[in-house]
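See below for the structure under consideration.
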Amino acid sequence: MTLLGTLALWLAFLLGVWGALAGFMGGLATPPRPDLARSARHAVFAMCGALLVAVVSLEWALFQHDFNVEYVAAYTSRNLPIFYTWSALYAGQKGSLLFWATVLSVFGSLALALTSRRHRHLLPHVAGVVSVVAAFFISVMLFGHANPFQRLPYTPLDGSGLNPQLQNPGMVFHPPMLYLGYISITIPFAFALAALLSKRLDADWLVAIRKWTLLSWLFLSIGICLGMWWAYVELGWGGYWAWDPVENASLLPWLTMTAFLHSVMIQEKRGMLKKWNLALIIGSWLLSIFGTFITRSGVISSVHSFTQSSVGYFFLAFLIVAGVSSFALYATRLPLLEAEARLESMVSREASFLFNNLLFIGIAFSVLWGTLFPILSELVQGTKVTVGPPFFNQVNIPLGLALLGLTGIGPLIAWRRASLPNLQRQFAVPVTVGVFTGLVLLVAGIRDFYALMAMALGGFVMGTVVQEFARGTGARHRQYGEGYALALGRLLARNRRRYGGYIVHTGIVILFVAFAGMAFKTETEATLKPGESASIRSPYGWTYRLTHLGISQYDALNRQVTAATLDVTRDGTPLGVLTTEKRQHVDALGRPTFQPSTEVGIRSDLREDLYVVLGGVVNGTEQAVFRFTINPLVWWVWYGGMIVALGGLIVMWPGGSPAVKRAQAGYAVRLVEEK
Amino acid sequence: MMRPRNDGATECGRREFFGFAAAGLLSVVPSFRRFVPVQDTLPSTGPSGRLWDPARAGRPLDPVVAADNDAAIQAIEKQLHCTCGCNLDVYTCRTTDFTCGVSPEMHRQVIALAERGMTGQQIVDQFVHAHGLTILMAPPKRGFNLAGYFTPAVVIVVAAAALTLVLRRWARAASGVPAAPPAASNVTAAPEELERLRRELDQLPT
């Protein structure tokens with residue numbers, strides 16, 4: 001099967017090269033060459049087929065425990081659960097490159113197959129761009145010593161197994177979700193380049209990529225949230241975001257894509273910001289490649305990185321070539337990207353969206369700046385500095401709060417021009433809610449400035465969202481005589497983009513409030529013998545009492561477990577028992593494969609999490625060292641993430657009212673003379 | 001009486017079977033009693049006090065002492081970068097990665113320096129002196145590092161100022177263009193009617 005896999009990779013590479021040549025030649029030829037365009041399209045389909053054969057070949061080797069294959073020996077063992085044997089496909093550098101290329105070819109094929117005939121003129125270039133990018137990833141595997149089918153000169157009895165921290169359900173879903181987000185940005189990017197190459201810079205390409213941008217944003221959002229959840233339950237440090245370079249790399253394209261999802265509305269409604277929107281799509285794609293470069297190059301130290309290898313140079317070169325050529329093409333088309341309309345007032349929805357974009361891009365810049373500052377410092381000062389959470393929190397929290405404020409302000413301001421009475425009427429309720437929330441929290445004793453601001457601004461934004469829903473529902477109730485529940489349902493169903501967007505805003509508010517909760521985190525360490533207790537006081541004033549019941553040791557499928565059990569009470573009320581473990585993973589021969597890892601014990605409710613970590617034991621006895629942490633509002637991070645995802649799904653759900661479809665189709669008129 | 005069978009097994013009657021079963025049970029009870037918890041020689045550490053295989057529980061740890069939970073010590077450690085390659089601060093690393101041998105050692109150094117009467121800043125300076133600036137979780141706000149802290153803010157402020165100027169220019173230009181006002185100048189609607197129109201426009205899908 002490895003021979004088949006390698007042959008499939010070579011075939012896919014050749015098809016990618018042909019797809020790129022045929023796509024660009026077919027798209028640029030005058031007169032048009034539909035035969036080449038067709039050939040490029042078929043090349044993408046065939047490349048997708050070849051890559052799927054390669055994936056099946058690698059999975060076959062993984063499930064057959066063919067430890068003569070270096071990748072199989074490095075990331076699996078005979079006793080690895082099936083769930084994780086499957087996910088080993090993308091657990092390592094080589095397999096994840098194959099996964100990247102395959103998913104890209106699947107997305108490319110879907111884009112070519114499903115895109116409306118109306119945008120057919122863009123498709124040869126789309127096929128060309130998808131082929132170039134996929135061929136690059138395949139070339140890294142073939143020429144960058146990253147072939148997942150590489151064989152060893154000997155066959156080990158068992159493999160090394162999967163890193164214990166990757167043996168978590170979160171890691172089965174988090175990397176593919178992030179990859180899907182990263183990879184699917186290539187499709188909007190391909191359409192943007194197609195529009196630039198074909199000089200068809202009307203709103204057509206925007207219509208063609210609408211679903212793809214939302215899909216990409218949704219995958220990135222879900223992937224980031226799943227990554228936070230995995231870090232929280234698996235890594236044991238008691239938090240979910242550490243401003244690690246790889247975490248930052250995932251946030252960057254999310255920020256620019258979110259900016260695009262806002263600014264594209266201005267282009268659709270007013271024919272403005274064409275240059276900006278194109279730049280955002282190109283920038284988002286480059287940032288997704290930058291994220292891949294960061295993860296794989298080892299240029300910046302990160303706990304998430306793959307092993308440092310030469311593939312980083314491939315990515316750096318590709319990033320530079322792709323960035324320079326994309327923006328050079330963009331620069332040549334700038335005269336064709338003049339706006340159809342001008343801003344009419346500083347106090348308008350358009351202006352607020354522009355400031356919203358400024359903040360999104362500003363935050364992206366500050367995250368990128370902080371991530372790269374160690375390298376910059378080394379270049380300038382000759383000393384490498386560490387840029388950790390204190391830096392990012394200091395720089396980004398004020399920007400994030402300003403952005404949260406704009407989340408509430410934007411929907412309240414009318415398009416084109418807002419009048420003073422309009423502003424007064426729109427802002428009265430949300431501002432009152434925000435101020436009231438702040439005062440209540442102040443009276444309740446909250447003195448942390450940022451937490452207070454996050455919650456007060458959250459109140460303001462929720463005031464905006466509820467007011468928007470209430471007014472829309474009320475209008476339907478008055479106009480059509482519908483009951484309030486029906487009116488609310490139809491309001492959402494017929495105007496998914498707008499009200500789905502408000503649901504996303506609700507999720508964002510919940511996330512900010514939950515983040516603010518971490519300002520009140522408390523923690524303590526204790527050494528307990530069985531029967532002994534420790535106490536920890538929660539920010540709500542409760543006292544948790546944890547009694548060490550003892551330690552048991554037993555063997556599980558691929559690990560030897562040392563489990564400590566604690567009896568938990570809160571203000572004397574029994575809450576049950578909590579178990580935290582040390583796991584020594586072993587291979588099928590019983591040999592230890594990794595350092596012992598920690599399995600956290602978490603007791604959650606809506607207000608706070610009790611987070612218990614078994615540090616280890618003293619002198620080989622049952623006397624154990626524990627870390628107890630109270631993390632307020634953590635569940636709201638997961639709820640907030642789910643609500644963001646739900647809102648995103650509502651926005652991108654197909655259908656909607658015919659009137660809205662007609663209206664949106666109307667925005668997609670050609671605004672520039674075709675050349 | 002048990003009799004050997006042709007197949008090598010032993011045949012036994014019902015009475016004999018129950019008799020043997022009762023005897024077996026009685027012999028088990030005393031051995032079972034050995035597993036019933038009894039007062040241990042090492043109070044509160046379970047029957048034996050020792051784990052069956054301590055190596056499975058990771059690196060042996062020392063008992064927690066008061067300094068480990070000292071907020072001042074923790075505050076210092078949160079400023080110091082563990083050099084084991086984990087990207088975490090010393091406090092987080094030593095309370096998370098219990099296999100790390102670097103952060104506990106740095107923790108002991110912090111405690112030792114604090115016990116010698118050094119202030120938090122002096123302790124941090126001591127580490128910087130020994131390891132360089134890379135030991136800090138965030139660069140100090142001086143020299144070139146100031147650019148690290150202020151560049152994002154300066155860029156955003158400058159961009160916001162530029163954006164404001166451009167928007168104002170656009171807005172002024174739009175108000176001076178005759179093409180835009182005609183609609184407004186020809187409108188004979190009252191201000192409240194215009195306001196109602198704006199409100200309804202607001203309700204249109206975005």
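By convention in this document, the chains of the structure tokens carry letters A, B, ... by their order, each chain's residues are numbered from 1, and ligands are numbered from 1 in the order they are shown.
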Item to check | chain B residues near chain A (7 Å cut-off, only C-alpha atoms) as a ChimeraX atom specification | outcome: /B:44-46,49-51,54,56-64,69,86-87,92,95-96,98,133-134,136-139,148-149,152,156,167-168,170-171,174-175,202,205-206
All residues 10 Å or closer to Leu193 (chain A), only C-alpha atoms, same chain fewer than 5 positions away omitted, as a CSV table (one decimal) with all heavy atoms, in the first residue's frame:
```
chain,number,residue,atom,x,y,z
A,122,LEU,N,-14.8,32.5,-14.0
A,122,LEU,CA,-13.7,32.5,-12.9
A,122,LEU,C,-13.1,31.2,-12.7
A,122,LEU,O,-11.9,31.1,-12.2
A,122,LEU,CB,-14.3,33.0,-11.6
A,122,LEU,CG,-14.8,34.5,-11.6
A,122,LEU,CD1,-15.6,34.7,-10.3
A,122,LEU,CD2,-13.7,35.5,-11.8
A,125,HIS,N,-9.3,29.9,-13.6
A,125,HIS,CA,-8.3,30.4,-12.7
A,125,HIS,C,-8.4,29.8,-11.3
A,125,HIS,O,-7.4,29.6,-10.6
A,125,HIS,CB,-8.4,31.9,-12.6
A,125,HIS,CG,-8.2,32.6,-13.8
A,125,HIS,ND1,-6.9,32.6,-14.5
A,125,HIS,CD2,-9.0,33.4,-14.6
A,125,HIS,CE1,-7.0,33.3,-15.6
A,125,HIS,NE2,-8.2,33.8,-15.7
A,126,VAL,N,-9.6,29.5,-10.8
A,126,VAL,CA,-9.8,28.9,-9.5
A,126,VAL,C,-9.1,27.5,-9.5
A,126,VAL,O,-8.4,27.2,-8.6
A,126,VAL,CB,-11.3,28.8,-9.2
A,126,VAL,CG1,-11.5,27.9,-7.9
A,126,VAL,CG2,-11.9,30.1,-9.0
A,128,GLY,N,-6.7,26.7,-11.4
A,128,GLY,CA,-5.3,26.9,-11.5
A,128,GLY,C,-4.7,27.2,-10.1
A,128,GLY,O,-3.7,26.6,-9.7
A,129,VAL,N,-5.4,28.1,-9.3
A,129,VAL,CA,-4.8,28.4,-8.0
A,129,VAL,C,-4.9,27.2,-7.0
A,129,VAL,O,-3.9,26.9,-6.3
A,129,VAL,CB,-5.6,29.6,-7.4
A,129,VAL,CG1,-5.2,29.9,-6.0
A,129,VAL,CG2,-5.5,30.9,-8.3
A,187,ILE,N,-10.1,28.8,-1.1
A,187,ILE,CA,-11.1,28.9,-2.1
A,187,ILE,C,-11.5,30.4,-2.3
A,187,ILE,O,-11.5,30.9,-3.5
A,187,ILE,CB,-12.4,28.0,-1.8
A,187,ILE,CG1,-12.0,26.6,-1.6
A,187,ILE,CG2,-13.4,28.2,-2.9
A,187,ILE,CD1,-11.3,25.9,-2.8
A,188,PRO,N,-11.8,31.1,-1.3
A,188,PRO,CA,-12.1,32.6,-1.5
A,188,PRO,C,-10.8,33.3,-2.2
A,188,PRO,O,-11.0,34.1,-3.0
A,188,PRO,CB,-12.3,33.2,-0.1
A,188,PRO,CG,-12.7,32.0,0.7
A,188,PRO,CD,-12.1,30.8,0.1
A,198,SER,N,-8.8,37.7,-14.3
A,198,SER,CA,-9.7,37.9,-15.4
A,198,SER,C,-10.2,39.4,-15.6
A,198,SER,O,-11.0,39.6,-16.5
A,198,SER,CB,-10.9,37.0,-15.2
A,198,SER,OG,-11.6,37.4,-14.0
A,199,LYS,N,-9.8,40.2,-14.6
A,199,LYS,CA,-10.2,41.6,-14.6
A,199,LYS,C,-11.8,41.8,-14.5
A,199,LYS,O,-12.3,42.8,-14.8
A,199,LYS,CB,-9.7,42.4,-15.8
A,199,LYS,CG,-8.2,42.4,-16.0
A,199,LYS,CD,-7.8,43.2,-17.2
A,199,LYS,CE,-6.3,43.1,-17.4
A,199,LYS,NZ,-5.9,43.8,-18.6
A,205,TRP,N,-17.6,37.8,-7.9
A,205,TRP,CA,-16.7,37.0,-7.2
A,205,TRP,C,-17.1,37.0,-5.7
A,205,TRP,O,-16.9,36.0,-5.0
A,205,TRP,CB,-15.2,37.3,-7.4
A,205,TRP,CG,-14.8,38.6,-6.7
A,205,TRP,CD1,-14.9,39.8,-7.1
A,205,TRP,CD2,-14.1,38.6,-5.4
A,205,TRP,NE1,-14.3,40.7,-6.2
A,205,TRP,CE2,-13.8,40.0,-5.2
A,205,TRP,CE3,-13.7,37.7,-4.5
A,205,TRP,CZ2,-13.2,40.4,-4.0
A,205,TRP,CZ3,-13.0,38.1,-3.3
A,205,TRP,CH2,-12.8,39.5,-3.1
A,278,LEU,N,-10.5,42.8,-1.2
A,278,LEU,CA,-9.6,41.9,-1.9
A,278,LEU,C,-8.3,41.8,-1.1
A,278,LEU,O,-7.8,40.6,-0.9
A,278,LEU,CB,-9.2,42.6,-3.3
A,278,LEU,CG,-10.0,42.0,-4.5
A,278,LEU,CD1,-9.8,42.9,-5.7
A,278,LEU,CD2,-9.5,40.6,-4.8
A,281,ILE,N,-8.9,39.3,1.8
A,281,ILE,CA,-8.9,37.9,1.4
A,281,ILE,C,-7.5,37.4,1.1
A,281,ILE,O,-7.1,36.3,1.6
A,281,ILE,CB,-9.8,37.7,0.2
A,281,ILE,CG1,-11.3,37.8,0.6
A,281,ILE,CG2,-9.6,36.4,-0.5
A,281,ILE,CD1,-11.8,36.7,1.5
A,282,ILE,N,-6.7,38.2,0.4
A,282,ILE,CA,-5.4,37.8,0.1
A,282,ILE,C,-4.6,37.7,1.4
A,282,ILE,O,-3.9,36.7,1.7
A,282,ILE,CB,-4.7,38.7,-0.9
A,282,ILE,CG1,-5.4,38.7,-2.2
A,282,ILE,CG2,-3.2,38.4,-1.0
A,282,ILE,CD1,-4.9,39.8,-3.2
A,326,SER,N,0.9,37.8,-5.5
A,326,SER,CA,-0.5,38.2,-5.3
A,326,SER,C,-0.7,39.7,-5.2
A,326,SER,O,-1.5,40.3,-5.8
A,326,SER,CB,-1.1,37.5,-4.0
A,326,SER,OG,-0.9,36.1,-4.0
A,327,PHE,N,0.2,40.3,-4.4
A,327,PHE,CA,0.0,41.7,-4.2
A,327,PHE,C,0.5,42.5,-5.4
A,327,PHE,O,0.0,43.6,-5.7
A,327,PHE,CB,0.7,42.2,-2.9
A,327,PHE,CG,-0.2,42.0,-1.7
A,327,PHE,CD1,0.1,41.0,-0.8
A,327,PHE,CD2,-1.4,42.7,-1.5
A,327,PHE,CE1,-0.7,40.8,0.3
A,327,PHE,CE2,-2.2,42.5,-0.5
A,327,PHE,CZ,-1.9,41.5,0.5
A,329,LEU,N,0.0,41.4,-8.5
A,329,LEU,CA,-1.2,41.4,-9.4
A,329,LEU,C,-2.2,42.3,-8.9
A,329,LEU,O,-2.9,43.1,-9.7
A,329,LEU,CB,-1.7,39.9,-9.4
A,329,LEU,CG,-3.0,39.7,-10.2
A,329,LEU,CD1,-2.8,39.9,-11.6
A,329,LEU,CD2,-3.5,38.2,-9.9
A,330,TYR,N,-2.4,42.4,-7.6
A,330,TYR,CA,-3.4,43.3,-7.0
A,330,TYR,C,-3.1,44.7,-7.3
A,330,TYR,O,-4.0,45.5,-7.7
A,330,TYR,CB,-3.3,43.0,-5.5
A,330,TYR,CG,-4.1,44.0,-4.6
A,330,TYR,CD1,-5.5,43.9,-4.5
A,330,TYR,CD2,-3.4,45.0,-3.9
A,330,TYR,CE1,-6.2,44.8,-3.6
A,330,TYR,CE2,-4.1,45.9,-3.1
A,330,TYR,CZ,-5.5,45.7,-2.9
A,330,TYR,OH,-6.2,46.6,-2.1
```
Checklist entry - Among region 102-280 of chain A, which ones does DSSP place in helix (DSSP H, G or I), written as number ranges by chain? => result A: 102-114, 117-143, 164-166, 169-184, 186-198, 204-235, 245-270, 274-280
Item to check | Polymer residues at most 9 Å from Gly517 (chain A), only C-alpha atoms, same-chain spacing of 5 or more positions, as a ChimeraX atom specification | outcome: /A:451,512,608,631-634
Write the residues of the selection above to a file with N, CA and C atoms, as a compact mmCIF listing (two decimals), in the first residue's frame.
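out-v4.txt was written with the following content:
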```
# COMPACT_ATOMS: atom_id res chain seq x y z
N ALA A 451 -12.31 43.51 33.86
CA ALA A 451 -13.45 42.60 34.01
C ALA A 451 -14.75 43.40 34.07
N PHE A 512 -16.54 37.06 26.01
CA PHE A 512 -15.81 38.13 26.70
C PHE A 512 -16.09 38.10 28.21
N GLU A 608 -18.65 28.14 38.14
CA GLU A 608 -17.20 27.97 38.26
C GLU A 608 -16.81 26.51 38.10
N ASN A 631 -11.80 28.13 38.70
CA ASN A 631 -11.87 28.93 37.48
C ASN A 631 -13.30 29.38 37.26
N PRO A 632 -13.59 30.66 37.47
CA PRO A 632 -14.98 31.11 37.30
C PRO A 632 -15.41 31.17 35.84
N LEU A 633 -16.66 30.88 35.60
CA LEU A 633 -17.35 31.10 34.32
C LEU A 633 -16.76 30.34 33.13
N VAL A 634 -16.03 29.27 33.39
CA VAL A 634 -15.38 28.60 32.26
C VAL A 634 -16.40 27.99 31.29
```
Checklist entry - Can you list, as number ranges by chain, every protein, DNA or RNA residue that comes within 12 Å of Met141 (chain A) when you count only C-alpha atoms, leaving out same-chain residues fewer than 4 positions away? => result A: 5-6, 9-10, 12-13, 54, 93-101, 134-137, 145-150, 310-311, 314-315
